[in-house]
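Structure data follow from model.pdb (PDB, N, CA and C atoms):
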```pdb
ATOM      1  N   MET Z   1     -19.522  15.002  12.033
ATOM      2  CA  MET Z   1     -19.432  15.506  10.678
ATOM      3  C   MET Z   1     -17.981  15.808  10.307
ATOM      4  N   LYS Z   2     -17.254  16.378  11.253
ATOM      5  CA  LYS Z   2     -15.857  16.713  11.007
ATOM      6  C   LYS Z   2     -15.040  15.441  10.747
ATOM      7  N   LYS Z   3     -15.358  14.394  11.483
ATOM      8  CA  LYS Z   3     -14.654  13.106  11.325
ATOM      9  C   LYS Z   3     -14.854  12.563   9.911
ATOM     10  N   LEU Z   4     -16.065  12.576   9.445
ATOM     11  CA  LEU Z   4     -16.375  12.084   8.110
ATOM     12  C   LEU Z   4     -15.668  12.928   7.047
ATOM     13  N   PHE Z   5     -15.671  14.227   7.215
ATOM     14  CA  PHE Z   5     -15.005  15.119   6.270
ATOM     15  C   PHE Z   5     -13.509  14.829   6.192
ATOM     16  N   LEU Z   6     -12.863  14.633   7.329
ATOM     17  CA  LEU Z   6     -11.430  14.343   7.350
ATOM     18  C   LEU Z   6     -11.113  13.009   6.675
ATOM     19  N   ILE Z   7     -11.946  12.021   6.900
ATOM     20  CA  ILE Z   7     -11.744  10.711   6.284
ATOM     21  C   ILE Z   7     -11.900  10.813   4.763
ATOM     22  N   LEU Z   8     -12.917  11.503   4.308
ATOM     23  CA  LEU Z   8     -13.130  11.656   2.869
ATOM     24  C   LEU Z   8     -11.999  12.438   2.214
ATOM     25  N   MET Z   9     -11.496  13.453   2.876
ATOM     26  CA  MET Z   9     -10.383  14.232   2.327
ATOM     27  C   MET Z   9      -9.118  13.381   2.236
ATOM     28  N   ALA Z  10      -8.849  12.562   3.239
ATOM     29  CA  ALA Z  10      -7.675  11.681   3.204
ATOM     30  C   ALA Z  10      -7.819  10.667   2.071
ATOM     31  N   PHE Z  11      -8.991  10.117   1.901
ATOM     32  CA  PHE Z  11      -9.238   9.137   0.840
ATOM     33  C   PHE Z  11      -9.079   9.778  -0.533
ATOM     34  N   CYS Z  12      -9.602  10.978  -0.719
ATOM     35  CA  CYS Z  12      -9.478  11.677  -2.001
ATOM     36  C   CYS Z  12      -8.030  12.023  -2.312
ATOM     37  N   THR Z  13      -7.271  12.369  -1.302
ATOM     38  CA  THR Z  13      -5.857  12.670  -1.495
ATOM     39  C   THR Z  13      -5.117  11.453  -2.022
ATOM     40  N   LEU Z  14      -5.426  10.283  -1.504
ATOM     41  CA  LEU Z  14      -4.806   9.050  -1.994
ATOM     42  C   LEU Z  14      -5.174   8.796  -3.449
ATOM     43  N   LEU Z  15      -6.410   9.034  -3.798
ATOM     44  CA  LEU Z  15      -6.866   8.765  -5.158
ATOM     45  C   LEU Z  15      -6.252   9.717  -6.166
ATOM     46  N   ILE Z  16      -6.194  10.976  -5.841
ATOM     47  CA  ILE Z  16      -5.676  11.978  -6.777
ATOM     48  C   ILE Z  16      -4.177  11.796  -6.990
ATOM     49  N   GLY Z  17      -3.435  11.535  -5.946
ATOM     50  CA  GLY Z  17      -1.986  11.406  -6.046
ATOM     51  C   GLY Z  17      -1.545  10.208  -6.858
ATOM     52  N   GLY Z  18      -2.249   9.105  -6.791
ATOM     53  CA  GLY Z  18      -1.814   7.891  -7.450
ATOM     54  C   GLY Z  18      -2.171   7.792  -8.915
ATOM     55  N   THR Z  19      -3.176   8.513  -9.358
ATOM     56  CA  THR Z  19      -3.643   8.338 -10.728
ATOM     57  C   THR Z  19      -3.189   9.439 -11.672
ATOM     58  N   ALA Z  20      -2.357  10.347 -11.235
ATOM     59  CA  ALA Z  20      -1.950  11.468 -12.077
ATOM     60  C   ALA Z  20      -1.200  11.014 -13.325
ATOM     61  N   LEU Z  21      -0.351   9.995 -13.230
ATOM     62  CA  LEU Z  21       0.451   9.559 -14.362
ATOM     63  C   LEU Z  21      -0.011   8.220 -14.944
ATOM     64  N   ALA Z  22      -1.138   7.733 -14.529
ATOM     65  CA  ALA Z  22      -1.610   6.415 -14.961
ATOM     66  C   ALA Z  22      -2.701   6.551 -16.017
ATOM     67  N   SER Z  23      -2.423   7.285 -17.080
ATOM     68  CA  SER Z  23      -3.464   7.559 -18.075
ATOM     69  C   SER Z  23      -3.787   6.362 -18.966
ATOM     70  N   ASP Z  24      -2.890   5.380 -19.092
ATOM     71  CA  ASP Z  24      -3.148   4.217 -19.941
ATOM     72  C   ASP Z  24      -3.973   3.143 -19.251
ATOM     73  N   TYR Z  25      -4.242   3.306 -18.000
ATOM     74  CA  TYR Z  25      -4.951   2.304 -17.209
ATOM     75  C   TYR Z  25      -6.397   2.742 -17.006
ATOM     76  N   PRO Z  26      -7.345   1.780 -16.976
ATOM     77  CA  PRO Z  26      -8.741   2.165 -16.727
ATOM     78  C   PRO Z  26      -8.907   2.727 -15.318
ATOM     79  N   LYS Z  27      -9.681   3.801 -15.204
ATOM     80  CA  LYS Z  27      -9.906   4.447 -13.915
ATOM     81  C   LYS Z  27     -10.634   3.512 -12.947
ATOM     82  N   TYR Z  28     -11.543   2.699 -13.470
ATOM     83  CA  TYR Z  28     -12.308   1.756 -12.659
ATOM     84  C   TYR Z  28     -12.054   0.333 -13.158
ATOM     85  N   LEU Z  29     -11.973  -0.604 -12.261
ATOM     86  CA  LEU Z  29     -11.742  -2.003 -12.614
ATOM     87  C   LEU Z  29     -13.031  -2.606 -13.154
ATOM     88  N   GLY Z  30     -13.023  -3.006 -14.402
ATOM     89  CA  GLY Z  30     -14.202  -3.595 -15.026
ATOM     90  C   GLY Z  30     -15.385  -2.647 -15.123
ATOM     91  N   GLY Z  31     -15.123  -1.337 -15.069
ATOM     92  CA  GLY Z  31     -16.197  -0.353 -15.139
ATOM     93  C   GLY Z  31     -16.965  -0.178 -13.837
ATOM     94  N   ASP Z  32     -16.570  -0.867 -12.773
ATOM     95  CA  ASP Z  32     -17.245  -0.776 -11.474
ATOM     96  C   ASP Z  32     -16.662   0.398 -10.679
ATOM     97  N   PRO Z  33     -17.455   1.440 -10.391
ATOM     98  CA  PRO Z  33     -16.937   2.610  -9.676
ATOM     99  C   PRO Z  33     -16.541   2.335  -8.223
ATOM    100  N   ASN Z  34     -16.818   1.144  -7.716
ATOM    101  CA  ASN Z  34     -16.367   0.800  -6.359
ATOM    102  C   ASN Z  34     -14.897   0.387  -6.334
ATOM    103  N   PHE Z  35     -14.305   0.081  -7.477
ATOM    104  CA  PHE Z  35     -12.893  -0.290  -7.565
ATOM    105  C   PHE Z  35     -12.152   0.805  -8.318
ATOM    106  N   ILE Z  36     -11.417   1.640  -7.567
ATOM    107  CA  ILE Z  36     -10.788   2.841  -8.104
ATOM    108  C   ILE Z  36      -9.284   2.635  -8.228
ATOM    109  N   LEU Z  37      -8.719   3.024  -9.368
ATOM    110  CA  LEU Z  37      -7.282   2.928  -9.596
ATOM    111  C   LEU Z  37      -6.545   3.881  -8.660
ATOM    112  N   VAL Z  38      -5.598   3.345  -7.879
ATOM    113  CA  VAL Z  38      -4.818   4.190  -6.972
ATOM    114  C   VAL Z  38      -3.338   4.218  -7.340
ATOM    115  N   ASP Z  39      -2.861   3.219  -8.080
ATOM    116  CA  ASP Z  39      -1.471   3.209  -8.501
ATOM    117  C   ASP Z  39      -1.328   2.266  -9.690
ATOM    118  N   ALA Z  40      -0.333   2.542 -10.523
ATOM    119  CA  ALA Z  40      -0.070   1.702 -11.679
ATOM    120  C   ALA Z  40       1.401   1.801 -12.028
ATOM    121  N   LYS Z  41       1.985   0.653 -12.378
ATOM    122  CA  LYS Z  41       3.408   0.648 -12.716
ATOM    123  C   LYS Z  41       3.717  -0.616 -13.510
ATOM    124  N   MET Z  42       4.382  -0.430 -14.644
ATOM    125  CA  MET Z  42       4.876  -1.536 -15.458
ATOM    126  C   MET Z  42       3.803  -2.581 -15.770
ATOM    127  N   GLY Z  43       2.615  -2.129 -16.128
ATOM    128  CA  GLY Z  43       1.548  -3.035 -16.522
ATOM    129  C   GLY Z  43       0.646  -3.497 -15.393
ATOM    130  N   THR Z  44       1.056  -3.326 -14.153
ATOM    131  CA  THR Z  44       0.256  -3.761 -13.006
ATOM    132  C   THR Z  44      -0.521  -2.572 -12.445
ATOM    133  N   GLY Z  45      -1.783  -2.813 -12.135
ATOM    134  CA  GLY Z  45      -2.623  -1.773 -11.539
ATOM    135  C   GLY Z  45      -3.110  -2.200 -10.168
ATOM    136  N   TRP Z  46      -3.187  -1.240  -9.257
ATOM    137  CA  TRP Z  46      -3.704  -1.494  -7.918
ATOM    138  C   TRP Z  46      -4.990  -0.700  -7.759
ATOM    139  N   TYR Z  47      -6.053  -1.410  -7.392
ATOM    140  CA  TYR Z  47      -7.377  -0.821  -7.256
ATOM    141  C   TYR Z  47      -7.864  -0.964  -5.817
ATOM    142  N   VAL Z  48      -8.433   0.115  -5.286
ATOM    143  CA  VAL Z  48      -9.005   0.111  -3.933
ATOM    144  C   VAL Z  48     -10.491  -0.178  -4.030
ATOM    145  N   ASP Z  49     -10.965  -1.075  -3.164
ATOM    146  CA  ASP Z  49     -12.397  -1.360  -3.068
ATOM    147  C   ASP Z  49     -13.016  -0.321  -2.137
ATOM    148  N   ARG Z  50     -13.722   0.629  -2.717
ATOM    149  CA  ARG Z  50     -14.296   1.737  -1.953
ATOM    150  C   ARG Z  50     -15.262   1.250  -0.867
ATOM    151  N   SER Z  51     -15.980   0.176  -1.133
ATOM    152  CA  SER Z  51     -16.966  -0.316  -0.171
ATOM    153  C   SER Z  51     -16.317  -0.997   1.037
ATOM    154  N   SER Z  52     -15.004  -1.260   0.987
ATOM    155  CA  SER Z  52     -14.329  -1.939   2.098
ATOM    156  C   SER Z  52     -13.676  -0.978   3.082
ATOM    157  N   LEU Z  53     -13.778   0.321   2.860
ATOM    158  CA  LEU Z  53     -13.130   1.307   3.729
ATOM    159  C   LEU Z  53     -13.667   1.238   5.159
ATOM    160  N   VAL Z  54     -12.738   1.078   6.122
ATOM    161  CA  VAL Z  54     -13.103   0.993   7.533
ATOM    162  C   VAL Z  54     -12.109   1.838   8.335
ATOM    163  N   VAL Z  55     -12.626   2.656   9.237
ATOM    164  CA  VAL Z  55     -11.771   3.413  10.140
ATOM    165  C   VAL Z  55     -11.518   2.547  11.364
ATOM    166  N   GLN Z  56     -10.269   2.132  11.552
ATOM    167  CA  GLN Z  56      -9.927   1.272  12.679
ATOM    168  C   GLN Z  56      -9.563   2.065  13.919
ATOM    169  N   LYS Z  57      -8.985   3.241  13.726
ATOM    170  CA  LYS Z  57      -8.572   4.057  14.871
ATOM    171  C   LYS Z  57      -8.782   5.516  14.523
ATOM    172  N   TYR Z  58      -9.542   6.201  15.372
ATOM    173  CA  TYR Z  58      -9.749   7.636  15.208
ATOM    174  C   TYR Z  58      -9.393   8.289  16.527
ATOM    175  N   ALA Z  59      -8.148   8.723  16.629
ATOM    176  CA  ALA Z  59      -7.644   9.391  17.824
ATOM    177  C   ALA Z  59      -6.704  10.499  17.365
ATOM    178  N   PRO Z  60      -7.277  11.642  16.955
ATOM    179  CA  PRO Z  60      -6.434  12.700  16.396
ATOM    180  C   PRO Z  60      -5.244  13.013  17.294
ATOM    181  N   PRO Z  61      -4.097  13.147  16.727
ATOM    182  CA  PRO Z  61      -3.714  13.210  15.317
ATOM    183  C   PRO Z  61      -3.347  11.857  14.732
ATOM    184  N   SER Z  62      -3.720  10.775  15.346
ATOM    185  CA  SER Z  62      -3.388   9.433  14.860
ATOM    186  C   SER Z  62      -4.643   8.761  14.300
ATOM    187  N   TYR Z  63      -4.508   8.264  13.055
ATOM    188  CA  TYR Z  63      -5.628   7.620  12.387
ATOM    189  C   TYR Z  63      -5.167   6.290  11.798
ATOM    190  N   ALA Z  64      -6.064   5.333  11.718
ATOM    191  CA  ALA Z  64      -5.793   4.067  11.034
ATOM    192  C   ALA Z  64      -7.012   3.735  10.184
ATOM    193  N   ILE Z  65      -6.786   3.644   8.864
ATOM    194  CA  ILE Z  65      -7.844   3.357   7.916
ATOM    195  C   ILE Z  65      -7.459   2.089   7.160
ATOM    196  N   ALA Z  66      -8.394   1.156   7.014
ATOM    197  CA  ALA Z  66      -8.128  -0.095   6.311
ATOM    198  C   ALA Z  66      -9.023  -0.190   5.074
ATOM    199  N   VAL Z  67      -8.445  -0.686   3.971
ATOM    200  CA  VAL Z  67      -9.184  -0.927   2.742
ATOM    201  C   VAL Z  67      -8.659  -2.202   2.094
ATOM    202  N   ASN Z  68      -9.469  -2.805   1.252
ATOM    203  CA  ASN Z  68      -9.016  -3.933   0.446
ATOM    204  C   ASN Z  68      -8.436  -3.389  -0.846
ATOM    205  N   VAL Z  69      -7.285  -3.945  -1.262
ATOM    206  CA  VAL Z  69      -6.628  -3.538  -2.488
ATOM    207  C   VAL Z  69      -6.510  -4.742  -3.414
ATOM    208  N   CYS Z  70      -6.928  -4.569  -4.667
ATOM    209  CA  CYS Z  70      -6.826  -5.611  -5.682
ATOM    210  C   CYS Z  70      -5.635  -5.317  -6.579
ATOM    211  N   THR Z  71      -4.772  -6.291  -6.770
ATOM    212  CA  THR Z  71      -3.641  -6.163  -7.684
ATOM    213  C   THR Z  71      -4.001  -6.850  -8.992
ATOM    214  N   VAL Z  72      -3.882  -6.109 -10.086
ATOM    215  CA  VAL Z  72      -4.283  -6.622 -11.396
ATOM    216  C   VAL Z  72      -3.085  -6.589 -12.343
ATOM    217  N   PRO Z  73      -2.524  -7.759 -12.673
ATOM    218  CA  PRO Z  73      -1.441  -7.774 -13.671
ATOM    219  C   PRO Z  73      -1.999  -7.487 -15.060
ATOM    220  N   ASP Z  74      -1.205  -6.865 -15.903
ATOM    221  CA  ASP Z  74      -1.604  -6.496 -17.276
ATOM    222  C   ASP Z  74      -2.859  -5.631 -17.283
ATOM    223  N   ALA Z  75      -2.978  -4.728 -16.338
ATOM    224  CA  ALA Z  75      -4.157  -3.862 -16.257
ATOM    225  C   ALA Z  75      -4.203  -2.843 -17.376
ATOM    226  N   ASP Z  76      -3.078  -2.608 -18.028
ATOM    227  CA  ASP Z  76      -3.059  -1.626 -19.111
ATOM    228  C   ASP Z  76      -3.552  -2.200 -20.442
ATOM    229  N   ARG Z  77      -3.918  -3.442 -20.475
ATOM    230  CA  ARG Z  77      -4.417  -4.071 -21.712
ATOM    231  C   ARG Z  77      -5.904  -4.273 -21.675
TER     232      ARG Z  77
END
```
What is this file in structure tokens?
Amino acid sequence: MKKLFLILMAFCTLLIGGTALASDYPKYLGGDPNFILVDAKMGTGWYVDRSSLVVQKYAPPSYAIAVNVCTVPDADR
């Protein structure tokens, strides 16, 4: 349970930090809540596929988490 909690907290930290200044970009890609905006700059948006999250290494204090990221040009339009 502790492992799952730590992974979810790390994932939420990534999401909150990247979207604070990206108000002109859609929060979800195409309205799909599995693709979450994590960063945006100069018209390009980067979306994380929530369903692709995989923990590759869990050896505290060292962790390795892998996700698929979609790059969308002109995401602000």
Counting all atoms listed in the file, figure out which residue out of Z:Ala64, Z:Leu14, Z:Leu53, Z:Leu4 gets nearest to Leu37 (chain Z).
-> Z:Leu14
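Relative to CA of Phe11 (chain Z), CA of Val54 (chain Z) is found at 11.2 Å.
Relative to CA of Leu6 (chain Z), CA of Trp46 (chain Z) is found at 23.3 Å.
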Do you know which residues the PyMOL selection byres ((chain Z and resi 76) around 6) returns on this file, as JSON, numbers by chain?
-> {"Z": [24, 25, 26, 43, 44, 73, 74, 75, 77]}
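The interatomic distance for the pair CA of Val55 (chain Z) and atom C of Lys41 (chain Z) works out to 28.6 Å.
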Can you translate the PyMOL selection byres ((chain Z and resi 71) around 6) into the concrete residues it hits in this file, as a short mmCIF file (atom, residue, chain, number, x, y, z; two decimals) with N, CA and C atoms, keeping the file's coordinate frame?
```
data_model
loop_
_atom_site.label_atom_id
_atom_site.label_comp_id
_atom_site.auth_asym_id
_atom_site.auth_seq_id
_atom_site.Cartn_x
_atom_site.Cartn_y
_atom_site.Cartn_z
N GLY Z 45 -1.78 -2.81 -12.14
CA GLY Z 45 -2.62 -1.77 -11.54
C GLY Z 45 -3.11 -2.20 -10.17
N TRP Z 46 -3.19 -1.24 -9.26
CA TRP Z 46 -3.70 -1.49 -7.92
C TRP Z 46 -4.99 -0.70 -7.76
N TYR Z 47 -6.05 -1.41 -7.39
CA TYR Z 47 -7.38 -0.82 -7.26
C TYR Z 47 -7.86 -0.96 -5.82
N VAL Z 69 -7.28 -3.94 -1.26
CA VAL Z 69 -6.63 -3.54 -2.49
C VAL Z 69 -6.51 -4.74 -3.41
N CYS Z 70 -6.93 -4.57 -4.67
CA CYS Z 70 -6.83 -5.61 -5.68
C CYS Z 70 -5.64 -5.32 -6.58
N VAL Z 72 -3.88 -6.11 -10.09
CA VAL Z 72 -4.28 -6.62 -11.40
C VAL Z 72 -3.08 -6.59 -12.34
N PRO Z 73 -2.52 -7.76 -12.67
CA PRO Z 73 -1.44 -7.77 -13.67
C PRO Z 73 -2.00 -7.49 -15.06
#
```
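Considering only chain Z, backbone DSSP assigns alpha helix (DSSP H) to Lys2, Lys3, Leu4, Phe5, Leu6, Ile7, Leu8, Met9, Ala10, Phe11, Cys12, Thr13, Leu14, Leu15, Ile16, Gly17 and Gly18 of chain Z.
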Writer output for current selection, N, CA and C atoms, as a compact mmCIF listing (two decimals), keeping the file's coordinate frame:
```
# COMPACT_ATOMS: atom_id res chain seq x y z
N LYS Z 2 -17.25 16.38 11.25
CA LYS Z 2 -15.86 16.71 11.01
C LYS Z 2 -15.04 15.44 10.75
N LYS Z 3 -15.36 14.39 11.48
CA LYS Z 3 -14.65 13.11 11.32
C LYS Z 3 -14.85 12.56 9.91
N LEU Z 4 -16.07 12.58 9.44
CA LEU Z 4 -16.38 12.08 8.11
C LEU Z 4 -15.67 12.93 7.05
N PHE Z 5 -15.67 14.23 7.22
CA PHE Z 5 -15.00 15.12 6.27
C PHE Z 5 -13.51 14.83 6.19
N LEU Z 6 -12.86 14.63 7.33
CA LEU Z 6 -11.43 14.34 7.35
C LEU Z 6 -11.11 13.01 6.68
N ILE Z 7 -11.95 12.02 6.90
CA ILE Z 7 -11.74 10.71 6.28
C ILE Z 7 -11.90 10.81 4.76
N LEU Z 8 -12.92 11.50 4.31
CA LEU Z 8 -13.13 11.66 2.87
C LEU Z 8 -12.00 12.44 2.21
N MET Z 9 -11.50 13.45 2.88
CA MET Z 9 -10.38 14.23 2.33
C MET Z 9 -9.12 13.38 2.24
N ALA Z 10 -8.85 12.56 3.24
CA ALA Z 10 -7.68 11.68 3.20
C ALA Z 10 -7.82 10.67 2.07
N PHE Z 11 -8.99 10.12 1.90
CA PHE Z 11 -9.24 9.14 0.84
C PHE Z 11 -9.08 9.78 -0.53
N CYS Z 12 -9.60 10.98 -0.72
CA CYS Z 12 -9.48 11.68 -2.00
C CYS Z 12 -8.03 12.02 -2.31
N THR Z 13 -7.27 12.37 -1.30
CA THR Z 13 -5.86 12.67 -1.50
C THR Z 13 -5.12 11.45 -2.02
N LEU Z 14 -5.43 10.28 -1.50
CA LEU Z 14 -4.81 9.05 -1.99
C LEU Z 14 -5.17 8.80 -3.45
N LEU Z 15 -6.41 9.03 -3.80
CA LEU Z 15 -6.87 8.76 -5.16
C LEU Z 15 -6.25 9.72 -6.17
N ILE Z 16 -6.19 10.98 -5.84
CA ILE Z 16 -5.68 11.98 -6.78
C ILE Z 16 -4.18 11.80 -6.99
N GLY Z 17 -3.44 11.54 -5.95
CA GLY Z 17 -1.99 11.41 -6.05
C GLY Z 17 -1.54 10.21 -6.86
N GLY Z 18 -2.25 9.10 -6.79
CA GLY Z 18 -1.81 7.89 -7.45
C GLY Z 18 -2.17 7.79 -8.91
```
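The list of residues with at least one atom within 6.5 Å of Ile36 (chain Z), based on all atoms listed in the file and without residues fewer than 2 positions apart in the same chain, reads Lys27, Tyr28, Leu29, Asp32, Pro33, Asn34, Val38, Asp39, Trp46, Tyr47, Val48, Asp49 and Arg50 of chain Z.
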List every residue of chain Z that DSSP, applied to the backbone of this structure, places in strand (DSSP E or B), and write the result as number ranges by chain.
-> Z: 28-29, 32-41, 44-59, 62-72
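Taking only C-alpha atoms into account, Ile65 (chain Z) lies nearest to Z:Ile7 out of the set Z:Ala40, Z:Cys12, Z:Met1, Z:Ile7.
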Produce chain Z of the given structure as output with C-alpha atoms, as a PDB file, in the first residue's frame.
```pdb
ATOM      1  CA  MET Z   1       0.000   0.000   0.000  1.00  0.00           C
ATOM      2  CA  LYS Z   2       2.835   2.362   0.853  1.00  0.00           C
ATOM      3  CA  LYS Z   3       4.443   1.678  -2.538  1.00  0.00           C
ATOM      4  CA  LEU Z   4       1.272   2.582  -4.400  1.00  0.00           C
ATOM      5  CA  PHE Z   5       0.820   5.747  -2.339  1.00  0.00           C
ATOM      6  CA  LEU Z   6       4.375   6.915  -3.083  1.00  0.00           C
ATOM      7  CA  ILE Z   7       3.957   6.280  -6.805  1.00  0.00           C
ATOM      8  CA  LEU Z   8       0.666   8.186  -6.933  1.00  0.00           C
ATOM      9  CA  MET Z   9       2.143  11.116  -5.008  1.00  0.00           C
ATOM     10  CA  ALA Z  10       5.129  11.307  -7.386  1.00  0.00           C
ATOM     11  CA  PHE Z  11       2.800  11.194 -10.398  1.00  0.00           C
ATOM     12  CA  CYS Z  12       0.545  13.923  -8.965  1.00  0.00           C
ATOM     13  CA  THR Z  13       3.553  16.116  -8.257  1.00  0.00           C
ATOM     14  CA  LEU Z  14       4.545  15.918 -11.922  1.00  0.00           C
ATOM     15  CA  LEU Z  15       1.043  16.821 -13.041  1.00  0.00           C
ATOM     16  CA  ILE Z  16       0.563  19.777 -10.719  1.00  0.00           C
ATOM     17  CA  GLY Z  17       3.967  21.332 -11.403  1.00  0.00           C
ATOM     18  CA  GLY Z  18       3.708  21.277 -15.183  1.00  0.00           C
ATOM     19  CA  THR Z  19       0.219  22.647 -15.683  1.00  0.00           C
ATOM     20  CA  ALA Z  20       0.307  25.691 -13.401  1.00  0.00           C
ATOM     21  CA  LEU Z  21       1.041  28.169 -16.221  1.00  0.00           C
ATOM     22  CA  ALA Z  22      -0.522  26.288 -19.139  1.00  0.00           C
ATOM     23  CA  SER Z  23      -4.020  27.756 -18.928  1.00  0.00           C
ATOM     24  CA  ASP Z  24      -4.472  28.178 -22.718  1.00  0.00           C
ATOM     25  CA  TYR Z  25      -3.963  24.480 -23.382  1.00  0.00           C
ATOM     26  CA  PRO Z  26      -6.612  21.759 -22.937  1.00  0.00           C
ATOM     27  CA  LYS Z  27      -6.106  19.787 -19.724  1.00  0.00           C
ATOM     28  CA  TYR Z  28      -6.863  16.520 -21.550  1.00  0.00           C
ATOM     29  CA  LEU Z  29      -5.899  15.588 -25.108  1.00  0.00           C
ATOM     30  CA  GLY Z  30      -9.082  15.274 -27.149  1.00  0.00           C
ATOM     31  CA  GLY Z  31     -11.137  15.204 -23.943  1.00  0.00           C
ATOM     32  CA  ASP Z  32      -9.664  11.797 -22.979  1.00  0.00           C
ATOM     33  CA  PRO Z  33      -8.772  11.823 -19.238  1.00  0.00           C
ATOM     34  CA  ASN Z  34      -6.065   9.198 -19.862  1.00  0.00           C
ATOM     35  CA  PHE Z  35      -3.943  11.835 -21.666  1.00  0.00           C
ATOM     36  CA  ILE Z  36      -3.039  14.554 -19.153  1.00  0.00           C
ATOM     37  CA  LEU Z  37      -1.222  17.806 -19.958  1.00  0.00           C
ATOM     38  CA  VAL Z  38       2.139  17.861 -18.154  1.00  0.00           C
ATOM     39  CA  ASP Z  39       3.950  20.686 -19.952  1.00  0.00           C
ATOM     40  CA  ALA Z  40       3.304  23.322 -22.591  1.00  0.00           C
ATOM     41  CA  LYS Z  41       5.527  25.852 -24.306  1.00  0.00           C
ATOM     42  CA  MET Z  42       5.289  27.993 -27.437  1.00  0.00           C
ATOM     43  CA  GLY Z  43       2.237  26.211 -28.839  1.00  0.00           C
ATOM     44  CA  THR Z  44       3.469  22.661 -28.182  1.00  0.00           C
ATOM     45  CA  GLY Z  45       1.852  20.501 -25.514  1.00  0.00           C
ATOM     46  CA  TRP Z  46       3.180  17.337 -23.906  1.00  0.00           C
ATOM     47  CA  TYR Z  47       0.625  14.829 -22.654  1.00  0.00           C
ATOM     48  CA  VAL Z  48       1.258  11.759 -20.477  1.00  0.00           C
ATOM     49  CA  ASP Z  49      -0.670   8.567 -21.191  1.00  0.00           C
ATOM     50  CA  ARG Z  50      -1.882   7.630 -17.713  1.00  0.00           C
ATOM     51  CA  SER Z  51      -2.611   4.032 -18.735  1.00  0.00           C
ATOM     52  CA  SER Z  52       1.047   3.490 -19.766  1.00  0.00           C
ATOM     53  CA  LEU Z  53       2.553   4.137 -16.309  1.00  0.00           C
ATOM     54  CA  VAL Z  54       4.936   1.327 -15.312  1.00  0.00           C
ATOM     55  CA  VAL Z  55       7.248   1.083 -12.308  1.00  0.00           C
ATOM     56  CA  GLN Z  56      10.520  -0.311 -13.645  1.00  0.00           C
ATOM     57  CA  LYS Z  57      12.550  -0.123 -10.444  1.00  0.00           C
ATOM     58  CA  TYR Z  58      11.365   0.100  -6.858  1.00  0.00           C
ATOM     59  CA  ALA Z  59      14.375   0.104  -4.558  1.00  0.00           C
ATOM     60  CA  PRO Z  60      14.013   2.967  -2.082  1.00  0.00           C
ATOM     61  CA  PRO Z  61      15.413   5.580  -2.268  1.00  0.00           C
ATOM     62  CA  SER Z  62      15.886   4.855  -5.987  1.00  0.00           C
ATOM     63  CA  TYR Z  63      12.865   4.647  -8.279  1.00  0.00           C
ATOM     64  CA  ALA Z  64      12.379   4.334 -12.040  1.00  0.00           C
ATOM     65  CA  ILE Z  65       8.967   5.070 -13.542  1.00  0.00           C
ATOM     66  CA  ALA Z  66       8.220   4.899 -17.282  1.00  0.00           C
ATOM     67  CA  VAL Z  67       5.327   6.528 -19.158  1.00  0.00           C
ATOM     68  CA  ASN Z  68       4.453   7.277 -22.765  1.00  0.00           C
ATOM     69  CA  VAL Z  69       4.477  10.976 -23.652  1.00  0.00           C
ATOM     70  CA  CYS Z  70       2.646  12.452 -26.653  1.00  0.00           C
ATOM     71  CA  THR Z  71       3.986  15.661 -28.194  1.00  0.00           C
ATOM     72  CA  VAL Z  72       1.281  17.769 -29.816  1.00  0.00           C
ATOM     73  CA  PRO Z  73       2.264  20.762 -31.973  1.00  0.00           C
ATOM     74  CA  ASP Z  74      -0.231  23.666 -31.987  1.00  0.00           C
ATOM     75  CA  ALA Z  75      -1.950  22.241 -28.904  1.00  0.00           C
ATOM     76  CA  ASP Z  76      -3.128  25.700 -27.904  1.00  0.00           C
ATOM     77  CA  ARG Z  77      -5.454  25.916 -30.926  1.00  0.00           C
TER      78      ARG Z  77
END
```
